[in-house]
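Scroll down for the structure; my scribbles are underneath it.
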Amino acid sequence: MVILKGAENMTAIYARQSVDRADSISIEQQIGLCRYEARGEEVVTYIDRGYSGRNTNRPEFRRMMDDIREGHINTVIVYKLDRISRSILDFSKMMEVFGERGVQFISATEKFDTSSPMGNAMLNICIVFAQLERETIQKRVADAYFSRSQRSFYMGGPIPYGFRKIPTVIDGIHTSMYEAVSEETDVVRMIFEMYSERDTSLGDIIVRLNEFGMKKRGKPWVRQRLREMIINPIYVMADGDVYDFFQDNGADMVDAKTAYIGENGCYSYRRCTDGNKKTTDGIQIVLAPHKGIISSELWLKCRRKCSGRNAAIPSQKARNSWLSGKIKCGECGYALTAKEYDGGRRRYLRCSNRQNSGSCKGAGTLYTAQTEKLVFNEICVKITELFCTEKAAQDAERLRLENELWETEREIEGLVDRVNGADDAVFRYISDRINTLDLHGKDLIQRIKRLANEGGAGFDEKAPDMTLWNELSFEDKRQVVDTLISAVYACEGRIIIQWRI
C-alpha cells in the first residue's frame, strides 16, 4: 500500500509469509492481531508474500523503510519478530534506522517496548534465537537430503540418456527410480563397446554416431556429454570389482560390499568441492534401485581409459597460432583451433565443431603456417591501402562484393539441400529463388572483375617483406591482428577477412 504524500505519524503493520501452509499463520491473521495492538489507530499495511526472512530483499519491506526515512511512519507493528527479520545483521541495521527516525517497534506476540533499555536487550536476544532457528532449519534440510540420498531415493537432476523416470516406493515412502529405455540402451552399449577399443577416441565415436544418424534426444553428441556418460556409475551393473574401484580411489561407500551383486547401478554424489576430476575423492557412492545396463568389466575398462587421459579439450591461452580466437570455420562459424603434431613439425587448423560433435564437414585441410601467410599478405595490403585512398575504396568495395557473393553462394547451397522431399509448391519456390540468386551471383562476379582490372596488378603479386613482422613477439602479433581484424572465415580454398577498419 502506498502512503499518500504528506501523510505523517502513521502506524505501519508489516506481514510476511514465505510459504502458504495449513500449519502456518496467514497474512490475514497476522494483520488482524497487529490491528488489535494499534488500538484503533489508522494503519498502513505492507505485505510480502512468498519471501524468506533470511534477508531484506523484499519489495514491501524496502518500501516501508523508504517511508520511514521520509518521516511518514512513527510505529511499526509485526505479529512476531521473525516476520520482519531472521538475520542479526539486517535486524541491527533496521533498528538503527528506527532509532534515528524515532520509530517505535512492537511485536504483537512478544510484547517488546523499544523505548526502554531492557526492551532493547530482550529484542536483541530474541533476534539471536530467530537466526538460530533459521540456521537450524537449513541444517535440518541438508541432513534430510543426505539421509534420503543414502537410502537410494531419487534426488532430482537431468535423467541420464538410456533411462526414464518412473514412480516407486522405498521403505514405504513414495519416490522415483530409473528404468531402462530399450532403444536408447542399445546406443549406450554401442558407445561403451566402441570406447573400450584401444585406439578409439571420443571424437571417433561422435563421427560414427553421426554417420548412423544417431542423436542424443534430438541434439548432436558432444565430447563433454559423452565423457560424462562413460564415467557415470548409473550405467554399471555394480559388483565387488566396482566397489573396490571406488573404495581404492577414496570414495565413501554407503552400502556394504556384499550388496554389490552385479545387478544395480549406482548413484554418485559429490560431497565437497574437488577440482581434481581424475579421482573420486569427496564422492559418495550409493547403490541405486534400478538395474544397470553395462557389465562391470566393460564399464571399468572404459572408466579407467577415460580417467587416464584428458578427454575434454581444456580451455587454454592461445599459443599455437596468432590467429587463434579470430579464425572461424566458414561452414559453421565455430572457432578453428590450432593443433600441433609430431612435436610441432605438423601444424593444422581444425574446426572445433567438427572435433566436438562431428556435425560440420569442416573447412578442409588448413596448414597453420600457410593460412598465417595468406592473412599476413592481406594485412600488408590493408595497411598499404590506408595510404592509398582511391585503391582503398576500390578494394573495400571488392571485399564487400566478395562477402555478398559468399553469402549468396551459401544461400544457394542451403536451398539445394532442401530440394529433396520438397512438394511441388516448395520446389517451384526454391527453383525460382536459386535462379534469382544465380543471376545476382554472376552480376557480383562481373563487378568484382571490373574492380580488379581498374585497380591494376595491385599488391597481391608482390612478396611482402616479412622481416619486421617476424621480429614481433607472439602477443604483439595478436595485438596487431586484433586491431585490424574482427574475424577470419576459412573455407575450403579461400579465406575471407572481416576488417575493423
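Residues in the C-alpha cells are named by chain (A, B, ... in the order shown) and by number from 1 within that chain; ligands are numbered from 1 in the order shown.
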Can you tell me, as a ChimeraX atom specification, what residues are no more than 10 Å from range 396-412 of chain A when counting only C-alpha atoms, ignoring any on the same chain fewer than 6 positions away? /A:330-331,382,385,390,430-431,433-438,440-445,447-452,496-499,501
Just how far from CA of Val181 in chain A is CA of Tyr243 in chain A, in Å to one decimal? 25.6 Å
Nearest to Met10 in chain A by atom-to-atom distance, counting only C-alpha atoms, from A:Ile47, A:Val103, A:Val78, A:Leu472: A:Val103
Identify, on the basis of only C-alpha atoms, every residue whose closest approach to Ile27 in chain A does not exceed 7 Å; exclude the query and any residue fewer than 4 positions from it along the same chain; express the result as a list of chain:residue names. A:Ala15, A:Arg16, A:Gln17, A:Ile31
Would you save the residues of that selection, restricted to C-alpha atoms, as a PDB file, in the first residue's frame?
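Done, and the output landed in part.pdb:
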ATOM      1  CA  ALA A  15       3.297  -9.017   7.482  1.00  0.00           C
ATOM      2  CA  ARG A  16       5.282 -11.734   5.704  1.00  0.00           C
ATOM      3  CA  GLN A  17       4.606 -15.347   4.772  1.00  0.00           C
ATOM      4  CA  ILE A  31      -2.728  -8.272  10.239  1.00  0.00           C
TER       5      ILE A  31
END
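Nearest residue to Asn210 in chain A, choosing from A:Arg101, A:Arg354, A:Arg225, A:Arg303 and counting only C-alpha atoms: A:Arg354.
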CA of Ile77 in chain A and CA of Gly99 in chain A, how far apart in Å? 15.1 Å
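Excluding Phe427 in chain A and any residue on its chain fewer than 5 positions from it, the residues at most 10 Å away by only C-alpha atoms are Leu415, Val416, Arg418, Val419, Asn420, Gly421, Ala422, Asp432 and Arg433 of chain A.
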With N, CA and C atoms retained, could you export that selection as a JSON list (two decimals), in the first residue's frame?
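What landed in again_2.json:
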[["chain", "number", "residue", "atom", "x", "y", "z"],
["A", 415, "LEU", "N", 19.53, -23.90, -50.15],
["A", 415, "LEU", "CA", 18.31, -24.20, -50.89],
["A", 415, "LEU", "C", 18.41, -25.53, -51.61],
["A", 416, "VAL", "N", 19.59, -25.82, -52.17],
["A", 416, "VAL", "CA", 19.78, -27.09, -52.88],
["A", 416, "VAL", "C", 19.57, -28.27, -51.92],
["A", 418, "ARG", "N", 17.60, -28.46, -49.56],
["A", 418, "ARG", "CA", 16.18, -28.60, -49.20],
["A", 418, "ARG", "C", 15.32, -29.12, -50.35],
["A", 419, "VAL", "N", 15.93, -29.36, -51.51],
["A", 419, "VAL", "CA", 15.16, -29.81, -52.67],
["A", 419, "VAL", "C", 14.56, -31.19, -52.41],
["A", 420, "ASN", "N", 15.38, -32.11, -51.89],
["A", 420, "ASN", "CA", 14.89, -33.46, -51.63],
["A", 420, "ASN", "C", 13.73, -33.43, -50.63],
["A", 421, "GLY", "N", 12.65, -34.04, -50.98],
["A", 421, "GLY", "CA", 11.49, -34.11, -50.10],
["A", 421, "GLY", "C", 10.55, -32.93, -50.20],
["A", 422, "ALA", "N", 10.88, -31.93, -51.05],
["A", 422, "ALA", "CA", 10.02, -30.76, -51.17],
["A", 422, "ALA", "C", 8.83, -31.08, -52.07],
["A", 432, "ASP", "N", 12.88, -20.97, -58.35],
["A", 432, "ASP", "CA", 12.86, -19.55, -58.72],
["A", 432, "ASP", "C", 13.88, -18.77, -57.91],
["A", 433, "ARG", "N", 13.97, -19.08, -56.61],
["A", 433, "ARG", "CA", 14.91, -18.36, -55.76],
["A", 433, "ARG", "C", 16.35, -18.63, -56.17]]
Which of these residues is nearest to Tyr195 in chain A, using only C-alpha atoms: A:Leu298, A:Val43, A:Ile73, A:Ile293? A:Leu298
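When only C-alpha atoms are used to compute distances to Cys360 in chain A, the closest of the residues A:Asp424, A:Gly102, A:Ile206, A:Asp186 turns out to be A:Ile206.
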